[in-house]
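**Q** For reference, the structure I am asking about is given below.
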Amino acid sequence: MPDTLPLSAVQHYMYCPRQCALIHVEKVWDENRFTSEGRLLHLRADSGVSGRRGGVDVDRSVPVRSARLGLYGVADVVEIRSDSSGREVPYPVEYKRGSPKLQDWDRAQLCAQAMCLEEMLGVSIAEGAIFYGKPRRREVVLFDSALRDVVERVCVALHEMVKNAVLPRAVPGQKCRGCSLTERCMPGKRNRGVASYLKAGLE
Ligand code: SF4
């Protein structure tokens with residue numbers, strides 16, 4: 001693997017490879033309502049105090065890294081739980097704006113985080129959770145072989161794209177409505193109205 005990339009690149013790549021390349025190859029970033037809300041939620045999670053809560057040790061803002069996957073990042077929260085044999089097992093919890101998604105974007109990012117922790121600590125992590133802002137509840141994520149395969153494949157594709165500085169072509173879709181980089185991706189399109197642009201693109 002080439003240089004390490006931020007964990008968030010996994011989610012960006014799955015959401016839209018072009019968006020991922022704009023951020024991690026071209027190094028551009030624009031805030032919109034969605035990214036601001038997400039950042040605030042992370043800040044809130046990170047500003048909490050580490051310690052014991054409800055009988056569980058809770059660490060916040062835990063740096064994670066995997067040389068094998070070529071990823072680094074910060075886990076919002078890692079709870080230390082005990083498995084059936086009494087061994088301590090990390091349980092990562094990620095904070096996300098919005099609601100649970102059908103697609104695996106967020107689940108894969110959390111799984112990548114767990115795979116980093118496994119490599120760092122020499123443990124096996126079977127599950128974690130994502131806390132969504134709407135509704136304010138946790139979704140449990142099982143780190144099964146299918147999800148791990150997705151992470152492995154995305155990491156290979158992601159590093160290949162960044163190493164070769166590839167900027168994939170735009171593939172317009174519903175995802176563009178929530179993208180903060182529409183103007184960077186297709187300058188002038190927002191002025192025409194995203195709806196008409198999407199319609200033209202889909203046609
Ligand atoms: S506007 Fe659409 S195609 Fe362009 S980067 Fe954003 S999501 Fe991808």
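Chain lettering (A, B, ...) mirrors the order of the structure tokens, residue numbering begins at 1 for each chain separately, and ligand numbering begins at 1 in order of display.
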Tell me, as a list in words, which residues lie within 12 Å of Ala21 of chain A, counting only C-alpha atoms; anything in the same chain fewer than 6 positions away does not count.

**A** Leu5, Ala9, Val10, His12, Tyr13, Met14, Tyr15, Lys27, Val28, Trp29, Ala157, Leu158, His159, Glu160, Met161, Val162, Lys163, Asn164, Ala165, Val166, Leu167, Pro168, Arg169, Ala170, Leu181, Arg184 and Cys185 of chain A

**Q** At a cut-off of 9 Å around ligand 1, and using only C-alpha atoms and all ligand atoms, what residues come up? Please write them as a list in words.

**A** Tyr15, Cys16, Pro17, Arg18, Gln19, Cys20, Ala21, Leu22, Arg169, Ala170, Val171, Pro172, Gly173, Gln174, Lys175, Cys176, Arg177, Gly178, Cys179, Ser180, Leu181, Thr182, Glu183, Arg184, Cys185, Met186 and Leu198 of chain A

**Q** Mind pulling up the distance from atom CA of Tyr72 of chain A to atom CA of Ala129 of chain A?

**A**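 It comes out at 19.0 Å.
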
**Q** Rank A:Val58, A:Val156, A:Leu71, A:Leu110 by their smallest atom-to-atom distance to Asp3 of chain A, using only C-alpha atoms, and report the top residue only.

**A**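 Nearest candidate to Asp3 of chain A out of A:Val58, A:Val156, A:Leu71, A:Leu110: A:Leu71.
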
**Q** Hey, which of A:Pro187, A:Gly133, A:Gly51, A:Pro6 ends up closest to Leu69 of chain A? Count only C-alpha atoms.

**A**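 Among the listed residues, the smallest separation from Leu69 of chain A belongs to A:Pro6.
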
**Q** Which residues come within 12 Å of Ile125 of chain A, counting only C-alpha atoms, excluding same-chain residues fewer than 5 positions away, as a ChimeraX atom specification?

**A** /A:78-83,87-92,110-120,141-145,148

**Q** Apply DSSP to the structure's backbone, then extract all residues of segment 39-121 of chain A labelled strand (DSSP E) and return them as a PDB file with N, CA, C and O atoms, in the first residue's frame.

**A**
ATOM      1  N   GLY A  51     -13.677   7.883  30.475  1.00  0.00           N
ATOM      2  CA  GLY A  51     -13.859   7.409  31.845  1.00  0.00           C
ATOM      3  C   GLY A  51     -14.817   6.243  31.850  1.00  0.00           C
ATOM      4  O   GLY A  51     -15.063   5.617  30.818  1.00  0.00           O
ATOM      5  N   ARG A  52     -15.389   5.973  33.019  1.00  0.00           N
ATOM      6  CA  ARG A  52     -16.287   4.826  33.131  1.00  0.00           C
ATOM      7  C   ARG A  52     -17.721   5.304  33.083  1.00  0.00           C
ATOM      8  O   ARG A  52     -18.106   6.229  33.809  1.00  0.00           O
ATOM      9  N   ARG A  53     -18.512   4.696  32.187  1.00  0.00           N
ATOM     10  CA  ARG A  53     -19.934   5.073  32.068  1.00  0.00           C
ATOM     11  C   ARG A  53     -20.763   3.817  31.996  1.00  0.00           C
ATOM     12  O   ARG A  53     -20.522   2.967  31.132  1.00  0.00           O
ATOM     13  N   VAL A  56     -18.940   0.590  31.829  1.00  0.00           N
ATOM     14  CA  VAL A  56     -18.072   0.345  30.675  1.00  0.00           C
ATOM     15  C   VAL A  56     -17.020   1.452  30.601  1.00  0.00           C
ATOM     16  O   VAL A  56     -17.353   2.634  30.744  1.00  0.00           O
ATOM     17  N   ASP A  57     -15.755   1.066  30.387  1.00  0.00           N
ATOM     18  CA  ASP A  57     -14.703   2.081  30.193  1.00  0.00           C
ATOM     19  C   ASP A  57     -14.860   2.692  28.817  1.00  0.00           C
ATOM     20  O   ASP A  57     -15.010   1.971  27.824  1.00  0.00           O
ATOM     21  N   VAL A  58     -14.816   4.020  28.734  1.00  0.00           N
ATOM     22  CA  VAL A  58     -15.029   4.725  27.465  1.00  0.00           C
ATOM     23  C   VAL A  58     -13.820   5.614  27.169  1.00  0.00           C
ATOM     24  O   VAL A  58     -13.466   6.470  27.977  1.00  0.00           O
ATOM     25  N   ASP A  59     -13.188   5.379  26.017  1.00  0.00           N
ATOM     26  CA  ASP A  59     -12.099   6.253  25.554  1.00  0.00           C
ATOM     27  C   ASP A  59     -12.619   7.078  24.393  1.00  0.00           C
ATOM     28  O   ASP A  59     -13.320   6.555  23.522  1.00  0.00           O
ATOM     29  N   ARG A  60     -12.253   8.345  24.340  1.00  0.00           N
ATOM     30  CA  ARG A  60     -12.706   9.221  23.254  1.00  0.00           C
ATOM     31  C   ARG A  60     -11.521   9.703  22.431  1.00  0.00           C
ATOM     32  O   ARG A  60     -10.409   9.803  22.933  1.00  0.00           O
ATOM     33  N   SER A  61     -11.805   9.999  21.157  1.00  0.00           N
ATOM     34  CA  SER A  61     -10.779  10.516  20.240  1.00  0.00           C
ATOM     35  C   SER A  61      -9.537   9.627  20.249  1.00  0.00           C
ATOM     36  O   SER A  61      -8.429  10.080  20.555  1.00  0.00           O
ATOM     37  N   VAL A  62      -9.732   8.366  19.931  1.00  0.00           N
ATOM     38  CA  VAL A  62      -8.635   7.390  19.977  1.00  0.00           C
ATOM     39  C   VAL A  62      -7.957   7.328  18.601  1.00  0.00           C
ATOM     40  O   VAL A  62      -8.599   6.981  17.600  1.00  0.00           O
ATOM     41  N   PRO A  63      -6.646   7.641  18.514  1.00  0.00           N
ATOM     42  CA  PRO A  63      -5.955   7.552  17.224  1.00  0.00           C
ATOM     43  C   PRO A  63      -5.855   6.089  16.788  1.00  0.00           C
ATOM     44  O   PRO A  63      -5.526   5.225  17.600  1.00  0.00           O
ATOM     45  N   VAL A  64      -6.160   5.830  15.527  1.00  0.00           N
ATOM     46  CA  VAL A  64      -6.068   4.448  15.014  1.00  0.00           C
ATOM     47  C   VAL A  64      -5.277   4.470  13.702  1.00  0.00           C
ATOM     48  O   VAL A  64      -5.212   5.491  13.021  1.00  0.00           O
ATOM     49  N   ARG A  65      -4.724   3.315  13.350  1.00  0.00           N
ATOM     50  CA  ARG A  65      -3.884   3.252  12.142  1.00  0.00           C
ATOM     51  C   ARG A  65      -3.749   1.802  11.700  1.00  0.00           C
ATOM     52  O   ARG A  65      -3.748   0.886  12.528  1.00  0.00           O
ATOM     53  N   SER A  66      -3.678   1.588  10.407  1.00  0.00           N
ATOM     54  CA  SER A  66      -3.376   0.252   9.881  1.00  0.00           C
ATOM     55  C   SER A  66      -2.360   0.399   8.760  1.00  0.00           C
ATOM     56  O   SER A  66      -2.634   1.047   7.742  1.00  0.00           O
ATOM     57  N   LEU A  71      -4.364   3.090   6.269  1.00  0.00           N
ATOM     58  CA  LEU A  71      -5.366   4.036   6.775  1.00  0.00           C
ATOM     59  C   LEU A  71      -4.951   4.568   8.141  1.00  0.00           C
ATOM     60  O   LEU A  71      -4.285   3.868   8.913  1.00  0.00           O
ATOM     61  N   TYR A  72      -5.380   5.788   8.437  1.00  0.00           N
ATOM     62  CA  TYR A  72      -5.220   6.325   9.786  1.00  0.00           C
ATOM     63  C   TYR A  72      -6.444   7.179  10.087  1.00  0.00           C
ATOM     64  O   TYR A  72      -7.161   7.602   9.163  1.00  0.00           O
ATOM     65  N   GLY A  73      -6.669   7.419  11.357  1.00  0.00           N
ATOM     66  CA  GLY A  73      -7.798   8.283  11.708  1.00  0.00           C
ATOM     67  C   GLY A  73      -7.964   8.354  13.208  1.00  0.00           C
ATOM     68  O   GLY A  73      -7.061   7.987  13.970  1.00  0.00           O
ATOM     69  N   VAL A  74      -9.124   8.832  13.601  1.00  0.00           N
ATOM     70  CA  VAL A  74      -9.429   8.965  15.024  1.00  0.00           C
ATOM     71  C   VAL A  74     -10.809   8.347  15.258  1.00  0.00           C
ATOM     72  O   VAL A  74     -11.777   8.724  14.591  1.00  0.00           O
ATOM     73  N   ALA A  75     -10.864   7.396  16.181  1.00  0.00           N
ATOM     74  CA  ALA A  75     -12.156   6.798  16.535  1.00  0.00           C
ATOM     75  C   ALA A  75     -12.851   7.731  17.522  1.00  0.00           C
ATOM     76  O   ALA A  75     -12.245   8.144  18.513  1.00  0.00           O
ATOM     77  N   ASP A  76     -14.106   8.076  17.240  1.00  0.00           N
ATOM     78  CA  ASP A  76     -14.842   8.976  18.140  1.00  0.00           C
ATOM     79  C   ASP A  76     -14.845   8.431  19.568  1.00  0.00           C
ATOM     80  O   ASP A  76     -14.503   9.118  20.517  1.00  0.00           O
ATOM     81  N   VAL A  77     -15.302   7.181  19.665  1.00  0.00           N
ATOM     82  CA  VAL A  77     -15.437   6.547  20.986  1.00  0.00           C
ATOM     83  C   VAL A  77     -15.028   5.082  20.859  1.00  0.00           C
ATOM     84  O   VAL A  77     -15.384   4.414  19.890  1.00  0.00           O
ATOM     85  N   VAL A  78     -14.249   4.614  21.827  1.00  0.00           N
ATOM     86  CA  VAL A  78     -13.989   3.165  21.909  1.00  0.00           C
ATOM     87  C   VAL A  78     -14.357   2.719  23.320  1.00  0.00           C
ATOM     88  O   VAL A  78     -13.759   3.180  24.302  1.00  0.00           O
ATOM     89  N   GLU A  79     -15.375   1.869  23.399  1.00  0.00           N
ATOM     90  CA  GLU A  79     -15.752   1.308  24.694  1.00  0.00           C
ATOM     91  C   GLU A  79     -14.938   0.035  24.895  1.00  0.00           C
ATOM     92  O   GLU A  79     -14.648  -0.684  23.934  1.00  0.00           O
ATOM     93  N   ILE A  80     -14.576  -0.249  26.131  1.00  0.00           N
ATOM     94  CA  ILE A  80     -13.852  -1.485  26.424  1.00  0.00           C
ATOM     95  C   ILE A  80     -14.832  -2.423  27.125  1.00  0.00           C
ATOM     96  O   ILE A  80     -15.253  -2.172  28.257  1.00  0.00           O
ATOM     97  N   ARG A  81     -15.202  -3.465  26.394  1.00  0.00           N
ATOM     98  CA  ARG A  81     -16.172  -4.422  26.936  1.00  0.00           C
ATOM     99  C   ARG A  81     -15.487  -5.753  27.215  1.00  0.00           C
ATOM    100  O   ARG A  81     -14.366  -5.968  26.765  1.00  0.00           O
ATOM    101  N   SER A  82     -16.190  -6.650  27.896  1.00  0.00           N
ATOM    102  CA  SER A  82     -15.633  -7.982  28.164  1.00  0.00           C
ATOM    103  C   SER A  82     -16.370  -8.999  27.322  1.00  0.00           C
ATOM    104  O   SER A  82     -17.598  -8.932  27.185  1.00  0.00           O
ATOM    105  N   GLU A  88     -10.905  -8.412  27.554  1.00  0.00           N
ATOM    106  CA  GLU A  88     -11.323  -7.063  27.162  1.00  0.00           C
ATOM    107  C   GLU A  88     -11.311  -6.931  25.642  1.00  0.00           C
ATOM    108  O   GLU A  88     -10.345  -7.318  24.978  1.00  0.00           O
ATOM    109  N   VAL A  89     -12.411  -6.405  25.097  1.00  0.00           N
ATOM    110  CA  VAL A  89     -12.536  -6.244  23.646  1.00  0.00           C
ATOM    111  C   VAL A  89     -12.976  -4.816  23.345  1.00  0.00           C
ATOM    112  O   VAL A  89     -13.955  -4.333  23.918  1.00  0.00           O
ATOM    113  N   PRO A  90     -12.253  -4.135  22.448  1.00  0.00           N
ATOM    114  CA  PRO A  90     -12.682  -2.778  22.080  1.00  0.00           C
ATOM    115  C   PRO A  90     -13.990  -2.819  21.280  1.00  0.00           C
ATOM    116  O   PRO A  90     -14.201  -3.737  20.478  1.00  0.00           O
ATOM    117  N   TYR A  91     -14.825  -1.819  21.496  1.00  0.00           N
ATOM    118  CA  TYR A  91     -16.117  -1.715  20.806  1.00  0.00           C
ATOM    119  C   TYR A  91     -16.209  -0.287  20.263  1.00  0.00           C
ATOM    120  O   TYR A  91     -16.530   0.649  20.990  1.00  0.00           O
ATOM    121  N   PRO A  92     -15.855  -0.095  18.962  1.00  0.00           N
ATOM    122  CA  PRO A  92     -15.849   1.272  18.423  1.00  0.00           C
ATOM    123  C   PRO A  92     -17.262   1.810  18.190  1.00  0.00           C
ATOM    124  O   PRO A  92     -18.147   1.070  17.730  1.00  0.00           O
ATOM    125  N   VAL A  93     -17.449   3.087  18.492  1.00  0.00           N
ATOM    126  CA  VAL A  93     -18.739   3.759  18.253  1.00  0.00           C
ATOM    127  C   VAL A  93     -18.443   5.046  17.475  1.00  0.00           C
ATOM    128  O   VAL A  93     -17.639   5.869  17.911  1.00  0.00           O
ATOM    129  N   GLU A  94     -19.070   5.179  16.314  1.00  0.00           N
ATOM    130  CA  GLU A  94     -18.844   6.348  15.456  1.00  0.00           C
ATOM    131  C   GLU A  94     -20.096   7.222  15.475  1.00  0.00           C
ATOM    132  O   GLU A  94     -21.219   6.706  15.511  1.00  0.00           O
ATOM    133  N   TYR A  95     -19.917   8.534  15.451  1.00  0.00           N
ATOM    134  CA  TYR A  95     -21.040   9.468  15.444  1.00  0.00           C
ATOM    135  C   TYR A  95     -21.254   9.989  14.041  1.00  0.00           C
ATOM    136  O   TYR A  95     -20.312  10.460  13.403  1.00  0.00           O
ATOM    137  N   LYS A  96     -22.487   9.905  13.559  1.00  0.00           N
ATOM    138  CA  LYS A  96     -22.815  10.365  12.212  1.00  0.00           C
ATOM    139  C   LYS A  96     -24.067  11.225  12.244  1.00  0.00           C
ATOM    140  O   LYS A  96     -25.003  10.942  12.996  1.00  0.00           O
TER     141      LYS A  96
END

**Q** For the helix (DSSP H, G or I) assignment from backbone DSSP, which residues of segment 96-178 of chain A qualify? Please present them as a PyMOL selection string.

**A** chain A and resi 105-121+145-163+174-178

**Q** Using only C-alpha atoms, can you tell me which of A:Ser84, A:Ala67, A:Trp105, A:Ala146 comes closest to Ile130 of chain A?

**A**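 Closest residue, counting only C-alpha atoms: A:Trp105.
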
**Q** Between A:Val25, A:Leu7, A:Leu102, A:Ala108, single out the one closest to Val150 of chain A, counting only C-alpha atoms.

**A**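 When distances to Val150 of chain A are compared using only C-alpha atoms, the smallest one comes from A:Ala108.
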